[in-house]
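What follows is the content of structure-v4.tsv, which has TSV, C-alpha atoms and all ligand atoms:
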```tsv
chain	number	residue	atom	x	y	z
A	1	MET	CA	19.19	-3.28	-37.28
A	2	LYS	CA	15.53	-2.26	-37.47
A	3	VAL	CA	13.62	-0.07	-39.94
A	4	ILE	CA	10.04	1.08	-39.45
A	5	PHE	CA	7.91	2.67	-42.19
A	6	LEU	CA	5.28	5.02	-40.80
A	7	ASP	CA	2.22	6.37	-42.55
A	8	LEU	CA	1.41	9.90	-41.31
A	9	ASP	CA	-2.30	10.81	-41.75
A	10	LYS	CA	-4.39	9.05	-39.10
A	11	THR	CA	-1.48	6.78	-38.19
A	12	LEU	CA	1.29	8.88	-36.62
A	13	ILE	CA	-0.60	12.20	-36.98
A	14	GLY	CA	-4.16	12.70	-35.71
A	15	GLU	CA	-7.14	14.77	-36.79
A	16	ASP	CA	-5.60	18.13	-35.82
A	17	TYR	CA	-2.35	17.50	-37.79
A	18	SER	CA	-0.24	18.49	-34.76
A	19	PRO	CA	3.15	16.76	-34.46
A	20	GLU	CA	3.15	17.13	-30.65
A	21	PRO	CA	1.32	13.89	-29.71
A	22	ALA	CA	3.76	11.92	-31.92
A	23	LYS	CA	6.86	13.13	-30.06
A	24	PRO	CA	6.92	10.47	-27.31
A	25	ILE	CA	6.23	7.74	-29.93
A	26	ILE	CA	9.16	8.81	-32.11
A	27	ASP	CA	11.46	9.19	-29.10
A	28	GLU	CA	10.60	5.69	-27.89
A	29	LEU	CA	11.09	4.16	-31.36
A	30	LYS	CA	14.51	5.83	-31.52
A	31	ARG	CA	15.36	4.52	-28.04
A	32	LYS	CA	14.49	1.02	-29.28
A	33	GLY	CA	16.96	1.51	-32.13
A	34	PHE	CA	14.58	1.97	-35.06
A	35	ARG	CA	15.40	3.88	-38.24
A	36	ILE	CA	12.20	5.84	-38.88
A	37	VAL	CA	11.04	6.24	-42.49
A	38	PHE	CA	7.92	8.32	-43.15
A	39	ASN	CA	6.00	6.78	-46.05
A	40	SER	CA	3.00	8.93	-46.81
A	41	SER	CA	0.92	10.56	-49.53
A	42	LYS	CA	2.13	13.88	-48.10
A	43	THR	CA	4.50	16.14	-50.06
A	44	ARG	CA	8.20	16.63	-49.44
A	45	ALA	CA	7.47	20.07	-47.89
A	46	GLU	CA	4.92	18.64	-45.45
A	47	GLN	CA	7.16	15.74	-44.48
A	48	GLU	CA	10.10	18.08	-43.90
A	49	TYR	CA	7.89	20.00	-41.46
A	50	TYR	CA	7.17	16.81	-39.47
A	51	ARG	CA	10.80	15.64	-39.71
A	52	ARG	CA	11.96	18.93	-38.16
A	53	ALA	CA	9.26	18.91	-35.49
A	54	LEU	CA	10.04	15.32	-34.50
A	55	ASN	CA	13.81	15.26	-35.09
A	56	VAL	CA	13.69	12.48	-37.67
A	57	GLU	CA	16.70	12.37	-40.00
A	58	ASP	CA	16.25	9.10	-41.91
A	59	PRO	CA	15.17	8.86	-45.58
A	60	PHE	CA	11.50	9.47	-46.43
A	61	ILE	CA	9.05	8.47	-49.15
A	62	VAL	CA	6.69	11.10	-50.55
A	63	GLU	CA	3.38	11.23	-52.44
A	64	THR	CA	2.41	7.53	-52.24
A	65	GLY	CA	5.71	5.96	-53.31
A	66	SER	CA	6.48	8.56	-55.97
A	67	ALA	CA	9.96	9.49	-54.73
A	68	ILE	CA	12.49	8.44	-52.09
A	69	TYR	CA	14.43	11.31	-50.49
A	70	ILE	CA	17.76	10.11	-49.05
A	71	PRO	CA	19.99	12.48	-47.02
A	72	LYS	CA	23.29	12.73	-48.90
A	73	LYS	CA	25.60	11.31	-46.24
A	74	TYR	CA	23.18	8.61	-45.08
A	75	PHE	CA	24.60	5.60	-46.95
A	76	PRO	CA	28.40	5.38	-47.16
A	77	PHE	CA	28.33	3.98	-50.72
A	78	SER	CA	27.12	5.20	-54.09
A	79	PHE	CA	23.80	4.15	-55.56
A	80	ASN	CA	21.64	5.05	-58.53
A	81	PHE	CA	19.41	8.08	-58.06
A	82	THR	CA	17.39	10.28	-60.40
A	83	LYS	CA	18.35	13.73	-59.18
A	84	ASP	CA	20.33	15.68	-56.63
A	85	VAL	CA	18.17	18.18	-54.72
A	86	GLY	CA	19.66	20.25	-51.89
A	87	ASP	CA	20.61	17.90	-49.05
A	88	TYR	CA	19.16	14.80	-50.73
A	89	PHE	CA	19.65	12.26	-53.44
A	90	VAL	CA	16.21	11.54	-54.89
A	91	ILE	CA	15.06	8.29	-56.46
A	92	GLU	CA	11.98	9.11	-58.55
A	93	LEU	CA	9.43	6.37	-59.25
A	94	GLY	CA	6.26	8.34	-60.00
A	95	GLU	CA	4.97	10.70	-62.65
A	96	ARG	CA	5.62	14.45	-62.84
A	97	TYR	CA	2.92	16.62	-61.29
A	98	GLU	CA	2.41	18.67	-64.47
A	99	VAL	CA	1.44	15.52	-66.39
A	100	ILE	CA	-1.05	14.45	-63.71
A	101	LYS	CA	-2.59	17.90	-63.39
A	102	LYS	CA	-3.07	18.19	-67.15
A	103	ILE	CA	-5.01	14.90	-67.24
A	104	LEU	CA	-7.15	15.88	-64.23
A	105	ASP	CA	-7.84	19.33	-65.69
A	106	GLU	CA	-9.25	17.57	-68.76
A	107	LEU	CA	-11.48	15.29	-66.63
A	108	SER	CA	-12.47	17.81	-63.95
A	109	LYS	CA	-15.54	19.31	-65.58
A	110	LYS	CA	-17.19	16.05	-66.57
A	111	PHE	CA	-16.67	14.43	-63.16
A	112	GLY	CA	-16.90	17.53	-60.94
A	113	LEU	CA	-13.41	17.03	-59.50
A	114	LYS	CA	-11.80	19.25	-56.89
A	115	TYR	CA	-8.11	18.83	-56.06
A	116	TYR	CA	-5.17	20.97	-54.90
A	117	GLY	CA	-4.41	22.22	-58.41
A	118	ASN	CA	-7.88	23.72	-59.01
A	119	SER	CA	-8.62	24.88	-55.45
A	120	SER	CA	-7.82	28.09	-53.58
A	121	ILE	CA	-5.93	27.83	-50.30
A	122	GLU	CA	-9.19	28.62	-48.48
A	123	GLU	CA	-10.88	25.68	-50.23
A	124	VAL	CA	-7.95	23.40	-49.39
A	125	MET	CA	-8.22	24.40	-45.72
A	126	GLU	CA	-11.94	23.64	-45.80
A	127	PHE	CA	-11.62	20.24	-47.55
A	128	THR	CA	-8.69	19.02	-45.44
A	129	GLY	CA	-8.98	20.85	-42.12
A	130	LEU	CA	-5.32	21.81	-42.52
A	131	PRO	CA	-4.18	25.06	-40.88
A	132	ARG	CA	-3.02	27.65	-43.44
A	133	GLN	CA	0.71	27.02	-42.88
A	134	LEU	CA	0.33	23.27	-43.55
A	135	ALA	CA	-2.11	23.82	-46.43
A	136	GLU	CA	0.62	25.86	-48.16
A	137	LEU	CA	3.06	22.94	-47.77
A	138	ALA	CA	0.46	20.45	-49.04
A	139	MET	CA	-0.02	22.54	-52.18
A	140	MET	CA	3.69	22.19	-53.09
A	141	ARG	CA	3.04	19.07	-55.14
A	142	GLU	CA	5.67	17.25	-57.18
A	143	TYR	CA	4.21	13.87	-58.20
A	144	SER	CA	0.56	13.37	-57.29
A	145	GLU	CA	-2.85	14.93	-56.77
A	146	THR	CA	-5.45	14.43	-54.08
A	147	ILE	CA	-9.11	14.31	-55.07
A	148	PHE	CA	-11.19	16.00	-52.37
A	149	ARG	CA	-14.55	15.96	-54.10
A	150	TRP	CA	-16.21	14.33	-57.09
A	151	LYS	CA	-19.69	14.16	-58.59
A	152	ASP	CA	-19.34	10.78	-60.26
A	153	GLU	CA	-17.37	7.74	-59.02
A	154	TRP	CA	-16.59	6.87	-62.65
A	155	PHE	CA	-13.75	9.37	-62.47
A	156	ILE	CA	-11.71	6.49	-60.99
A	157	GLU	CA	-12.00	4.47	-64.22
A	158	ALA	CA	-11.37	7.56	-66.34
A	159	VAL	CA	-8.15	8.32	-64.43
A	160	LYS	CA	-6.99	4.69	-64.82
A	161	SER	CA	-7.73	4.73	-68.55
A	162	LYS	CA	-5.24	7.61	-68.87
A	163	GLY	CA	-2.47	5.35	-67.51
A	164	LEU	CA	-2.42	6.79	-63.97
A	165	LYS	CA	-2.89	4.93	-60.68
A	166	ILE	CA	-5.41	5.88	-58.05
A	167	SER	CA	-5.30	4.79	-54.42
A	168	LYS	CA	-7.43	5.39	-51.36
A	169	GLY	CA	-5.77	7.00	-48.34
A	170	SER	CA	-7.28	7.69	-44.94
A	171	ARG	CA	-9.22	10.68	-46.14
A	172	PHE	CA	-9.17	11.05	-49.92
A	173	TYR	CA	-8.21	9.49	-53.24
A	174	ASN	CA	-4.64	10.00	-54.45
A	175	VAL	CA	-3.74	10.03	-58.16
A	176	HIS	CA	-0.14	9.18	-59.00
A	177	GLY	CA	2.13	7.39	-61.47
A	178	ASN	CA	2.85	3.66	-61.68
A	179	THR	CA	4.17	3.23	-58.14
A	180	ASN	CA	2.97	2.64	-54.58
A	181	LYS	CA	4.25	2.80	-51.01
A	182	GLY	CA	5.47	-0.82	-51.14
A	183	LYS	CA	7.48	-0.45	-54.33
A	184	ALA	CA	9.38	2.53	-52.91
A	185	ALA	CA	9.90	0.84	-49.52
A	186	HIS	CA	11.32	-2.26	-51.23
A	187	ILE	CA	13.90	-0.17	-53.11
A	188	LEU	CA	14.96	1.61	-49.94
A	189	LEU	CA	15.18	-1.71	-48.08
A	190	LEU	CA	17.64	-3.00	-50.69
A	191	LEU	CA	19.92	-0.08	-49.79
A	192	TYR	CA	19.52	-0.75	-46.06
A	193	SER	CA	20.35	-4.44	-46.62
A	194	LYS	CA	23.44	-3.55	-48.59
A	195	PHE	CA	24.60	-1.40	-45.68
A	196	PHE	CA	23.54	-3.48	-42.66
A	197	GLY	CA	23.11	-7.03	-43.95
A	198	ASP	CA	20.28	-8.58	-41.93
A	199	ILE	CA	17.53	-6.11	-41.13
A	200	GLU	CA	14.21	-6.34	-39.32
A	201	THR	CA	11.45	-4.51	-41.15
A	202	TYR	CA	8.21	-3.02	-39.80
A	203	ALA	CA	5.35	-0.91	-41.15
A	204	VAL	CA	2.35	0.87	-39.68
A	205	GLY	CA	-0.58	2.33	-41.63
A	206	ASP	CA	-4.32	2.73	-41.60
A	207	GLY	CA	-5.46	2.96	-45.23
A	208	LEU	CA	-5.82	0.83	-48.35
A	209	ASN	CA	-2.85	2.68	-49.86
A	210	ASP	CA	-0.70	1.15	-47.07
A	211	PHE	CA	-1.47	-2.43	-48.21
A	212	PRO	CA	1.37	-2.66	-50.78
A	213	LEU	CA	3.69	-1.57	-47.96
A	214	PHE	CA	2.51	-4.43	-45.75
A	215	GLU	CA	3.62	-6.89	-48.46
A	216	VAL	CA	7.29	-5.89	-48.29
A	217	VAL	CA	7.97	-5.89	-44.53
A	218	GLY	CA	8.35	-8.59	-41.90
A	219	LYS	CA	5.91	-7.13	-39.37
A	220	ALA	CA	2.94	-4.96	-40.30
A	221	PHE	CA	0.38	-3.17	-38.14
A	222	ILE	CA	-2.95	-1.54	-39.05
A	223	VAL	CA	-4.32	1.25	-36.89
A	224	GLY	CA	-8.10	0.72	-36.92
A	225	ASN	CA	-10.35	-1.88	-38.46
A	226	LEU	CA	-9.17	-2.66	-41.99
A	227	LYS	CA	-8.00	-6.27	-42.42
A	228	HIS	CA	-4.86	-7.47	-44.17
A	229	PRO	CA	-3.47	-11.05	-43.99
A	230	ASN	CA	0.08	-9.87	-43.10
A	231	ALA	CA	-0.94	-7.21	-40.60
A	232	VAL	CA	-1.90	-7.12	-36.93
A	233	ASN	CA	-4.64	-4.69	-35.89
A	234	ILE	CA	-3.93	-2.13	-33.17
A	235	ASN	CA	-6.18	0.59	-31.75
A	236	SER	CA	-3.67	3.43	-31.80
A	237	ILE	CA	-0.07	4.21	-32.56
A	238	GLU	CA	0.55	4.26	-28.78
A	239	GLU	CA	-0.41	0.58	-28.69
A	240	LEU	CA	2.39	-0.16	-31.17
A	241	LEU	CA	4.96	0.45	-28.45
A	242	GLU	CA	3.40	-2.32	-26.34
A	243	VAL	CA	3.57	-4.93	-29.11
A	244	ILE	CA	7.07	-4.38	-30.52
A	245	GLU	CA	10.47	-4.75	-28.86
B	1	MG	MG	-3.18	7.20	-43.38
```
What would the structure in this file look like if it were written as structure tokens?
Ligand code: MG
Amino acid sequence: MKVIFLDLDKTLIGEDYSPEPAKPIIDELKRKGFRIVFNSSKTRAEQEYYRRALNVEDPFIVETGSAIYIPKKYFPFSFNFTKDVGDYFVIELGERYEVIKKILDELSKKFGLKYYGNSSIEEVMEFTGLPRQLAELAMMREYSETIFRWKDEWFIEAVKSKGLKISKGSRFYNVHGNTNKGKAAHILLLLYSKFFGDIETYAVGDGLNDFPLFEVVGKAFIVGNLKHPNAVNINSIEELLEVIE
């Protein structure tokens, strides 16, 4: 049994945010027998959009390890979860959005910060290049903020001094609670192991915020030029299909 964790921005999804180019990749991973777990800084609403577009029905990890969404009938045994939301059991690991926004609102003036919570949808579209429909989904935040612009790099230290974590994704900084993509993946892998016994684990990412994820899987791949001791570099997600069975 094989599980693959996929980052979205600049890994599975390119500059134009279209799910179309990812379709053949997802279909081939399914044909090879992979369970496909999105593990991204994107929100639940954004990831549900890509799950529908790409017919992915496995669990998913949102907002940089802040919560694991598990479809209710996915594991045939009970496990501890934080809340029951619609079709999912949710394991929460991060901080509530309201807490994060309050801290950033206090720091925003001094450091010239712009993020979803103090931007209009037009500004979000300009900062991110997201089309309006996806910008709306990105603004439905539950556990983290994304810093698009800052006047002073010291905001990073200021955010940390308030007890929050900050990590660098492909495009921007992400502010979240005391969690990361690897911590959430590890917890989900414990559930997979309980169900399937021996499992083969894979991950693909492109950013520094994917590094904790590379620590908890057997085989890791980096799209692009960053270096990590556990990970193999590939030029594109298409190349992944040539190097895995
Ligand atoms: Mg990325």
Selection: 9 Å around Gly182 in chain A, all atoms listed in the file, excl. self and same-chain fewer than 6 positions, as a list in words: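 Counting all atoms listed in the file, the residues come to Thr64, Gly65, Asp210, Phe211, Pro212, Leu213, Phe214, Glu215, Val216 and Val217 of chain A.
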May I have the selected residues written with C-alpha atoms, as an mmCIF file, in the frame of the given file?
```
data_model
loop_
_atom_site.group_PDB
_atom_site.id
_atom_site.type_symbol
_atom_site.label_atom_id
_atom_site.label_comp_id
_atom_site.auth_asym_id
_atom_site.auth_seq_id
_atom_site.Cartn_x
_atom_site.Cartn_y
_atom_site.Cartn_z
ATOM 1 C CA THR A 64 2.410 7.530 -52.240
ATOM 2 C CA GLY A 65 5.710 5.960 -53.310
ATOM 3 C CA ASP A 210 -0.700 1.150 -47.070
ATOM 4 C CA PHE A 211 -1.470 -2.430 -48.210
ATOM 5 C CA PRO A 212 1.370 -2.660 -50.780
ATOM 6 C CA LEU A 213 3.690 -1.570 -47.960
ATOM 7 C CA PHE A 214 2.510 -4.430 -45.750
ATOM 8 C CA GLU A 215 3.620 -6.890 -48.460
ATOM 9 C CA VAL A 216 7.290 -5.890 -48.290
ATOM 10 C CA VAL A 217 7.970 -5.890 -44.530
#
```
Near-range 172-179 of chain A list (6 Å; all atoms listed in the file; drop same-chain fewer than 2 positions) as a PyMOL selection string: chain A and resi 65+94-95+144-148+164-169
Nearest candidate to Leu240 in chain A (options A:Gln133, A:Ser78, A:Leu29, A:Lys160; using all atoms listed in the file):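 That would be A:Leu29, the residue with the smallest distance to Leu240 in chain A.
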Neighbourhood of ligand MG 1 (chain B) at 8 Å, counting all atoms listed in the file, reported as an MDAnalysis selection string: chainID A and resid 7:11 40 169:171 205:207 209:210
Just want the 12 Å neighbourhood of Leu241 in chain A, counted on all atoms listed in the file, with same-chain residues fewer than 3 positions away dropped. Output as a compact mmCIF listing (two decimals) with C-alpha atoms, in the coordinates of the input.
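Writing done, so here's result.txt:
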```txt
# COMPACT_ATOMS: atom_id res chain seq x y z
CA PRO A 24 6.92 10.47 -27.31
CA ILE A 25 6.23 7.74 -29.93
CA ILE A 26 9.16 8.81 -32.11
CA ASP A 27 11.46 9.19 -29.10
CA GLU A 28 10.60 5.69 -27.89
CA LEU A 29 11.09 4.16 -31.36
CA LYS A 30 14.51 5.83 -31.52
CA ARG A 31 15.36 4.52 -28.04
CA LYS A 32 14.49 1.02 -29.28
CA PHE A 34 14.58 1.97 -35.06
CA VAL A 204 2.35 0.87 -39.68
CA PHE A 221 0.38 -3.17 -38.14
CA ILE A 234 -3.93 -2.13 -33.17
CA ASN A 235 -6.18 0.59 -31.75
CA SER A 236 -3.67 3.43 -31.80
CA ILE A 237 -0.07 4.21 -32.56
CA GLU A 238 0.55 4.26 -28.78
CA ILE A 244 7.07 -4.38 -30.52
CA GLU A 245 10.47 -4.75 -28.86
```
Close residues, range 187-203 of chain A itself excluded, 6 Å, all atoms listed in the file, min 2 positions apart in chain, as a PyMOL selection string: chain A and resi 1-6+184-185+217-220
Pick from A:Asn230, A:Asn39, A:Ser108, A:Asn55 nearest to Phe155 in chain A, counting only C-alpha atoms: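 Checking each of A:Asn230, A:Asn39, A:Ser108, A:Asn55 against Phe155 in chain A, counting only C-alpha atoms, the winner is A:Ser108.
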Counting all atoms listed in the file, the residue of A:Lys162, A:Leu130, A:Gly86, A:Ile36 that sits nearest Lys102 in chain A: A:Lys162
Between CA of Asp16 in chain A and CA of Glu46 in chain A, distance in Å (one decimal): 14.3 Å
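Compared by their closest atoms to Arg149 in chain A, and using all atoms listed in the file, the residues A:Ala135, A:Lys109, A:Leu12, A:His186 rank with A:Lys109 nearest.
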Local residues around (-14.2, 16.5, -59.2), at most 10 Å away, using all atoms listed in the file, as number ranges by chain: A: 104-105, 107-115, 118, 147-153, 155
Of the listed residues A:Phe89, A:Glu20, A:Val37, A:Met125, that which approaches Leu137 in chain A most closely, counting all atoms listed in the file: A:Met125
Separation of CA of Gly117 in chain A from CA of Met139 in chain A, in Å and rounded to one decimal: 7.6 Å
A:Glu15, A:Glu157, A:Glu142, A:Asp84 ranked by distance to Ala67 in chain A, top pick (using only C-alpha atoms):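 So, comparing all the options, the nearest one is A:Glu142.
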CA of Arg35 in chain A to CA of Arg52 in chain A, straight-line distance in Å: 15.4 Å
Sphere at (22.1, 8.9, -47.7), radius 12 Å, counting only C-alpha atoms: residues as a PyMOL selection string: chain A and resi 57-60+68-81+84+87-91+188+191-192+195
